[in-house]
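Structure file entry_31.txt with compact mmCIF, C-alpha atoms:
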# COMPACT_ATOMS: atom_id res chain seq x y z
CA MET A 1 -10.54 165.06 111.37
CA PRO A 2 -8.05 165.96 114.07
CA ASP A 3 -5.61 168.81 113.72
CA LEU A 4 -2.75 166.46 114.57
CA VAL A 5 -0.71 165.70 111.45
CA VAL A 6 1.29 162.48 111.37
CA ASP A 7 4.37 162.18 109.18
CA PRO A 8 4.19 158.87 107.27
CA THR A 9 7.84 159.11 106.15
CA PRO A 10 9.23 156.64 108.74
CA PHE A 11 6.99 153.95 107.29
CA LEU A 12 8.30 154.50 103.77
CA ASP A 13 11.91 153.49 104.50
CA THR A 14 12.62 150.08 102.95
CA ALA A 15 16.18 149.69 104.23
CA GLY A 16 17.05 146.20 105.37
CA GLU A 17 14.10 144.36 103.87
CA ASP A 18 14.25 141.37 101.55
CA PRO A 19 13.65 142.79 98.05
CA ALA A 20 12.20 139.45 96.99
CA GLY A 21 9.89 139.13 99.98
CA PRO A 22 6.11 139.16 99.70
CA MET A 23 4.53 142.59 99.59
CA ILE A 24 2.24 143.07 102.59
CA PRO A 25 0.23 146.29 103.06
CA LEU A 26 -0.48 147.28 106.67
CA VAL A 27 -3.81 149.10 106.83
CA VAL A 28 -4.04 151.58 109.71
CA SER A 29 -5.50 155.02 110.36
CA LEU A 30 -2.53 157.19 111.30
CA THR A 31 -5.02 159.73 112.61
CA PHE A 32 -8.62 159.55 113.77
CA PRO A 33 -11.13 162.06 115.20
CA GLY A 34 -10.18 163.16 118.69
CA MET A 35 -6.68 161.69 118.54
CA ASP A 36 -4.46 163.30 121.17
CA ARG A 37 -0.70 163.15 121.50
CA GLY A 38 -0.81 160.06 123.72
CA ALA A 39 -3.01 158.14 121.27
CA HIS A 40 -0.74 159.20 118.43
CA GLU A 41 2.32 157.90 120.24
CA LEU A 42 0.64 154.55 120.82
CA GLN A 43 -0.48 154.29 117.20
CA ASP A 44 2.98 155.21 115.96
CA SER A 45 4.70 152.71 118.26
CA PHE A 46 2.40 149.81 117.43
CA THR A 47 2.63 150.48 113.69
CA ARG A 48 6.44 150.63 113.81
CA ILE A 49 6.60 147.32 115.70
CA ALA A 50 4.24 145.67 113.21
CA PHE A 51 6.35 146.95 110.30
CA ALA A 52 9.51 145.61 111.96
CA ALA A 53 7.86 142.22 112.62
CA VAL A 54 6.85 141.82 108.96
CA ARG A 55 10.36 142.76 107.82
CA ALA A 56 12.00 140.44 110.33
CA ALA A 57 9.90 137.60 108.92
CA GLY A 58 11.04 138.41 105.37
CA GLY A 59 8.10 140.44 104.12
CA ARG A 60 7.94 143.90 102.57
CA PRO A 61 5.46 146.00 104.61
CA ARG A 62 3.77 148.94 102.93
CA LEU A 63 1.62 151.63 104.53
CA VAL A 64 -2.04 152.05 103.63
CA ASP A 65 -3.45 154.93 105.68
CA SER A 66 -7.19 154.31 105.88
CA ALA A 67 -7.71 157.84 107.24
CA ASP A 68 -6.20 159.45 104.14
CA PRO A 69 -9.11 160.72 102.01
CA ASP A 70 -6.92 160.81 98.90
CA ARG A 71 -5.35 157.32 99.14
CA THR A 72 -3.33 157.91 95.99
CA GLY A 73 -1.60 154.63 95.17
CA GLN A 74 -3.04 152.83 98.18
CA ARG A 75 -5.67 150.84 96.30
CA GLU A 76 -2.92 149.80 93.89
CA LEU A 77 -0.88 148.52 96.86
CA LEU A 78 -3.83 146.41 97.98
CA ALA A 79 -4.37 145.16 94.43
CA ASP A 80 -0.73 143.99 94.26
CA ALA A 81 -0.62 142.56 97.79
CA ASP A 82 0.55 139.06 98.67
CA ALA A 83 -1.05 139.34 102.13
CA VAL A 84 -2.56 142.12 104.24
CA VAL A 85 -2.67 143.26 107.87
CA PHE A 86 -5.38 145.40 109.47
CA LEU A 87 -4.14 147.13 112.62
CA GLY A 88 -5.90 148.72 115.61
CA GLY A 89 -7.22 152.23 116.14
CA GLY A 90 -10.48 153.98 116.92
CA ASP A 91 -13.94 152.53 117.46
CA VAL A 92 -16.03 151.15 114.60
CA ALA A 93 -19.07 153.21 113.61
CA GLY A 94 -22.25 151.60 114.91
CA SER A 95 -24.02 152.10 111.59
CA CYS A 96 -21.55 149.66 109.99
CA TYR A 97 -23.03 146.80 112.01
CA GLY A 98 -26.64 147.91 112.30
CA TYR A 99 -26.48 149.72 115.63
CA SER A 100 -28.72 152.78 115.74
CA GLY A 101 -28.95 153.61 119.45
CA PRO A 102 -27.19 156.34 121.42
CA PRO A 103 -23.38 156.45 121.14
CA PRO A 104 -21.83 153.67 123.25
CA ALA A 105 -20.14 154.71 126.48
CA ASN A 106 -16.46 155.58 126.04
CA GLU A 107 -16.81 155.82 122.27
CA TYR A 108 -13.81 157.46 120.61
CA GLY A 109 -12.10 157.89 117.26
CA VAL A 110 -15.02 156.95 115.03
CA ASP A 111 -14.30 157.51 111.32
CA GLN A 112 -17.01 155.82 109.27
CA ARG A 113 -15.28 156.60 105.98
CA ALA A 114 -12.18 154.70 107.15
CA ASP A 115 -14.39 151.86 108.43
CA GLU A 116 -16.11 151.49 105.06
CA PHE A 117 -12.76 151.52 103.24
CA CYS A 118 -11.41 148.77 105.52
CA ILE A 119 -14.55 146.63 105.29
CA ALA A 120 -14.43 146.76 101.50
CA ALA A 121 -10.71 145.93 101.53
CA ILE A 122 -11.27 142.96 103.86
CA ARG A 123 -14.01 141.54 101.67
CA GLU A 124 -11.96 142.01 98.52
CA GLY A 125 -8.87 140.46 100.12
CA VAL A 126 -10.78 137.40 101.30
CA ALA A 127 -12.38 137.04 97.86
CA ARG A 128 -8.82 136.93 96.45
CA ASP A 129 -7.80 134.49 99.19
CA LEU A 130 -5.14 136.85 100.55
CA PRO A 131 -3.60 135.76 103.85
CA THR A 132 -5.08 138.27 106.28
CA LEU A 133 -4.15 139.19 109.84
CA ALA A 134 -6.69 141.43 111.59
CA ILE A 135 -5.69 142.91 114.96
CA CYS A 136 -7.94 144.65 117.55
CA ARG A 137 -10.04 147.14 115.53
CA GLY A 138 -9.06 145.04 112.53
CA SER A 139 -10.62 141.94 114.10
CA GLN A 140 -13.80 143.88 114.79
CA LEU A 141 -13.94 145.08 111.19
CA LEU A 142 -13.35 141.50 110.02
CA ALA A 143 -16.40 140.39 111.98
CA VAL A 144 -18.51 143.27 110.68
CA ALA A 145 -17.39 142.61 107.09
CA PHE A 146 -18.98 139.15 107.28
CA GLY A 147 -22.22 139.99 109.02
CA GLY A 148 -21.16 140.09 112.66
CA THR A 149 -21.97 142.62 115.35
CA LEU A 150 -19.97 144.33 118.10
CA ILE A 151 -20.32 145.07 121.79
CA GLY A 152 -20.25 148.87 121.79
CA ASP A 153 -18.81 149.07 125.31
CA ILE A 154 -17.89 146.17 127.57
CA GLU A 155 -19.71 146.73 130.86
CA ASN A 156 -17.40 144.56 132.97
CA TRP A 157 -14.16 145.86 131.52
CA PRO A 158 -11.32 145.31 134.06
CA LEU A 159 -10.40 141.92 132.57
CA HIS A 160 -9.78 143.52 129.18
CA ARG A 161 -8.11 146.85 129.83
CA GLY A 162 -6.59 149.00 132.53
CA ARG A 163 -6.95 152.67 133.22
CA SER A 164 -3.33 153.78 133.36
CA PRO A 165 -1.66 152.03 131.72
CA LEU A 166 -4.37 151.04 129.29
CA PHE A 167 -2.74 147.78 128.19
CA ILE A 168 -2.66 144.83 130.57
CA ASP A 169 -1.82 141.13 130.52
CA GLU A 170 -4.86 138.94 129.92
CA GLU A 171 -5.08 135.18 129.51
CA VAL A 172 -7.13 134.04 126.52
CA LEU A 173 -8.37 130.52 125.84
CA LEU A 174 -7.67 129.21 122.33
CA ASP A 175 -9.78 126.52 120.66
CA ALA A 176 -7.58 123.46 120.32
CA ASP A 177 -8.33 123.08 116.60
CA SER A 178 -7.89 126.78 115.78
CA GLU A 179 -5.19 128.26 113.60
CA ILE A 180 -3.95 130.53 116.38
CA ALA A 181 -3.53 127.57 118.74
CA ARG A 182 -1.54 125.76 116.06
CA ILE A 183 0.69 128.80 115.51
CA LEU A 184 1.39 129.39 119.20
CA GLY A 185 1.54 125.70 120.09
CA ARG A 186 -0.79 125.94 123.08
CA THR A 187 -4.41 126.53 124.06
CA ARG A 188 -3.83 129.28 126.63
CA ALA A 189 -1.92 132.47 125.96
CA THR A 190 -1.19 135.54 128.03
CA VAL A 191 -1.58 138.50 125.70
CA ARG A 192 -1.52 142.29 125.84
CA ASN A 193 -5.02 143.71 125.73
CA GLY A 194 -6.64 147.11 126.04
CA HIS A 195 -10.12 147.20 124.51
CA HIS A 196 -13.60 148.38 125.42
CA GLN A 197 -15.35 147.14 122.28
CA ALA A 198 -15.40 143.51 121.17
CA VAL A 199 -16.97 141.11 118.71
CA ALA A 200 -20.49 140.20 119.88
CA THR A 201 -21.58 137.78 117.14
CA VAL A 202 -19.98 136.33 114.04
CA GLY A 203 -21.63 135.62 110.71
CA PRO A 204 -21.69 132.14 109.16
CA GLU A 205 -18.41 132.64 107.28
CA LEU A 206 -16.38 133.07 110.48
CA ARG A 207 -15.81 130.91 113.53
CA VAL A 208 -14.75 131.86 117.05
CA SER A 209 -11.17 130.74 117.77
CA ALA A 210 -10.47 132.34 121.17
CA ARG A 211 -12.35 133.66 124.18
CA ALA A 212 -11.57 135.49 127.39
CA HIS A 213 -12.36 133.92 130.75
CA ASP A 214 -15.64 135.88 130.83
CA GLY A 215 -16.69 134.54 127.42
CA ILE A 216 -15.86 137.66 125.39
CA ILE A 217 -14.73 136.72 121.88
CA GLU A 218 -11.00 137.34 121.50
CA GLY A 219 -10.24 135.55 118.23
CA THR A 220 -11.92 134.58 114.95
CA GLU A 221 -10.96 132.93 111.70
CA HIS A 222 -12.56 132.46 108.31
CA ARG A 223 -14.09 129.05 107.76
CA THR A 224 -13.20 128.57 104.09
CA ALA A 225 -10.46 131.06 103.16
CA THR A 226 -6.94 129.62 103.27
CA TRP A 227 -5.70 131.88 106.10
CA VAL A 228 -7.71 134.70 107.64
CA VAL A 229 -7.05 135.25 111.35
CA GLY A 230 -8.54 137.88 113.67
CA MET A 231 -7.27 138.60 117.17
CA GLN A 232 -8.59 141.19 119.59
CA TRP A 233 -5.27 141.43 121.40
CA HIS A 234 -2.07 143.20 120.36
CA PRO A 235 0.95 141.06 119.44
CA GLU A 236 2.54 144.33 118.28
CA GLU A 237 2.25 146.04 121.69
CA PRO A 238 5.75 146.85 123.03
CA ALA A 239 5.38 144.57 126.09
CA ALA A 240 3.79 141.69 124.17
CA ASP A 241 5.61 138.36 124.04
CA ALA A 242 8.28 138.76 121.35
CA GLY A 243 8.33 135.05 120.61
CA ASP A 244 4.59 134.96 119.98
CA ARG A 245 4.88 138.07 117.82
CA ALA A 246 7.53 136.39 115.67
CA LEU A 247 5.40 133.25 115.32
CA ILE A 248 2.29 135.19 114.27
CA PHE A 249 3.94 137.50 111.76
CA GLY A 250 6.22 134.71 110.60
CA GLU A 251 3.18 132.58 109.75
CA LEU A 252 1.62 135.50 107.87
CA VAL A 253 4.72 135.88 105.70
CA HIS A 254 4.96 132.11 105.22
CA ARG A 255 1.36 132.02 104.03
CA ALA A 256 2.06 134.91 101.66
CA ARG A 257 4.98 132.99 100.15
CA GLU A 258 2.76 129.94 99.75
CA ARG A 259 0.15 132.01 97.95
CA ILE A 260 2.80 133.39 95.57
CA ALA A 261 3.90 129.84 94.74
CA ARG A 262 0.32 128.67 94.37
CA THR A 263 -0.68 131.46 91.96
CA ALA A 264 2.56 131.61 89.94

Would you mind writing the file out in structure tokens?
Amino acid sequence: MPDLVVDPTPFLDTAGEDPAGPMIPLVVSLTFPGMDRGAHELQDSFTRIAFAAVRAAGGRPRLVDSADPDRTGQRELLADADAVVFLGGGDVAGSCYGYSGPPPANEYGVDQRADEFCIAAIREGVARDLPTLAICRGSQLLAVAFGGTLIGDIENWPLHRGRSPLFIDEEVLLDADSEIARILGRTRATVRNGHHQAVATVGPELRVSARAHDGIIEGTEHRTATWVVGMQWHPEEPAADAGDRALIFGELVHRARERIARTA
């Protein structure tokens, strides 16, 4: 693990949140192997924005650090969750999706222990019919959790990421009958993207809900669960459309409230 130590304290402050709101763990690795200061600043910024978006929608976000080997109390948070979010981070270990070749080009941040924790949490959450939002690495783990595979490194990458800055605007095409198209109210969306891995195939339990102009899968959803949505892009990136962010996280919290009412 990296020497960089991240203080989780800012994510423990509950000031200003609705005490009656649904409890929504956000699963993210605050550190990963090879993390440098720049990567840490991105991870910290994105996580803070996601926390703020859940709170603004009326939810109670709680941190689950998938890189923490102890995870004291974190499994209990997931057990008590009303919904769950899986955020971005490092690459997914190839062994998790059956890849056994040489390390993909540009591979970084692989932490198989964190991957296995997240995959198990995704499967358990879907089995409990928890509303689930899976972003970037989260969307890749969602695919892997249900038998999918990943592209280890996108060969023709300029459509999906920049060099400096890493994150760029990209238009994605949304299936008209998909949940994400319903949420955003349109079938094309300009999003903030910065990825070199992507979902290659999905298992029978998922369906593709969005693609890039080159055909790369950018969105998935579960076929039978009430609300499980994966998106390769980052609604929680600082320059992402704030209105779209509010719609996406607002729907997550709405679905969590519905589940509370349904299971009461």

* What lies within 9 Å of stretch 170-177 of chain A using only C-alpha atoms, ignoring chain neighbours under 2 positions off, as a list of chain:residue names? -> A:Leu159, A:His160, A:Arg161, A:Ile168, A:Glu179, A:Ile180, A:Ala181, A:Arg182, A:Arg186, A:Thr187, A:Arg188, A:Ala189, A:Thr190, A:Val191, A:Arg192, A:Asn193, A:Val208, A:Ser209, A:Ala210, A:Arg211, A:Ala212, A:His213, A:Glu218, A:Gly219, A:Trp233

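For the choices A:Pro61, A:Gly138, A:Gly194, A:Gly147, the atom-to-atom distance to A:Glu237 is smallest for A:Gly194 when using all atoms listed in the file.
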
* In Å to one decimal, how far is atom CA of A:Arg113 from atom CA of A:Ala200? ->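 Spanning atom CA of A:Ala200 to atom CA of A:Arg113 is a straight-line distance of 22.1 Å.
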
* Out of A:Gly101, A:Gly125, A:Gly59, A:Gly243, which residue has the shortest atom-to-atom distance to A:Arg75 when counting all atoms listed in the file? ->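 Selected residue with least distance to A:Arg75: A:Gly125.
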
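Checking A:Ala83, A:Ile49, A:Ala105, A:Val92 one by one against A:Thr226, counting only C-alpha atoms, you find the shortest gap at A:Ala83.
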
* For a cut-off of 12 Å around (-23.4, 135.5, 110.4), file coordinates, pick out all residues using all atoms listed in the file and list them as number ranges by chain. => A: 97, 142-149, 199-208, 222-223

* Asked: Of the candidates A:Ala134, A:Pro238, A:Ile24, A:Val229, which one gets nearest to A:Ser45 if we count only C-alpha atoms?
  -> A:Pro238

* Asked: In Å to one decimal, how far is atom CA of A:Ser139 from atom CA of A:Leu166?
  ->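 For atom CA of A:Leu166 relative to atom CA of A:Ser139, the distance reads 18.8 Å.
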
* **Selected residue of minimal separation from A:Asp18 among A:Gly185, A:Gly58, A:Pro102, A:Pro158, counting all atoms listed in the file** =>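 For A:Asp18, the nearest of the given residues is A:Gly58.
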
Output stretch 248-261 of chain A as an mmCIF file, in the coordinates of the input, making sure N, CA and C atoms are there.
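result11.cif, freshly written:
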data_model
loop_
_atom_site.group_PDB
_atom_site.id
_atom_site.type_symbol
_atom_site.label_atom_id
_atom_site.label_comp_id
_atom_site.auth_asym_id
_atom_site.auth_seq_id
_atom_site.Cartn_x
_atom_site.Cartn_y
_atom_site.Cartn_z
ATOM 1 N N ILE A 248 3.480 134.720 114.970
ATOM 2 C CA ILE A 248 2.290 135.190 114.270
ATOM 3 C C ILE A 248 2.650 135.862 112.953
ATOM 4 N N PHE A 249 3.581 136.807 112.992
ATOM 5 C CA PHE A 249 3.940 137.500 111.760
ATOM 6 C C PHE A 249 4.748 136.595 110.837
ATOM 7 N N GLY A 250 5.506 135.673 111.421
ATOM 8 C CA GLY A 250 6.220 134.710 110.600
ATOM 9 C C GLY A 250 5.268 133.822 109.812
ATOM 10 N N GLU A 251 4.169 133.401 110.455
ATOM 11 C CA GLU A 251 3.180 132.580 109.750
ATOM 12 C C GLU A 251 2.496 133.373 108.647
ATOM 13 N N LEU A 252 2.209 134.655 108.909
ATOM 14 C CA LEU A 252 1.620 135.500 107.870
ATOM 15 C C LEU A 252 2.515 135.540 106.635
ATOM 16 N N VAL A 253 3.805 135.793 106.834
ATOM 17 C CA VAL A 253 4.720 135.880 105.700
ATOM 18 C C VAL A 253 4.857 134.521 105.016
ATOM 19 N N HIS A 254 4.907 133.455 105.802
ATOM 20 C CA HIS A 254 4.960 132.110 105.220
ATOM 21 C C HIS A 254 3.747 131.848 104.342
ATOM 22 N N ARG A 255 2.575 132.218 104.818
ATOM 23 C CA ARG A 255 1.360 132.020 104.030
ATOM 24 C C ARG A 255 1.371 132.864 102.767
ATOM 25 N N ALA A 256 1.949 134.070 102.855
ATOM 26 C CA ALA A 256 2.060 134.910 101.660
ATOM 27 C C ALA A 256 2.973 134.258 100.625
ATOM 28 N N ARG A 257 4.077 133.685 101.085
ATOM 29 C CA ARG A 257 4.980 132.990 100.150
ATOM 30 C C ARG A 257 4.269 131.794 99.509
ATOM 31 N N GLU A 258 3.502 131.075 100.295
ATOM 32 C CA GLU A 258 2.760 129.940 99.750
ATOM 33 C C GLU A 258 1.776 130.395 98.683
ATOM 34 N N ARG A 259 1.107 131.521 98.931
ATOM 35 C CA ARG A 259 0.150 132.010 97.950
ATOM 36 C C ARG A 259 0.871 132.414 96.652
ATOM 37 N N ILE A 260 2.031 133.033 96.768
ATOM 38 C CA ILE A 260 2.800 133.390 95.570
ATOM 39 C C ILE A 260 3.115 132.144 94.756
ATOM 40 N N ALA A 261 3.573 131.096 95.431
ATOM 41 C CA ALA A 261 3.900 129.840 94.740
ATOM 42 C C ALA A 261 2.663 129.201 94.116
#
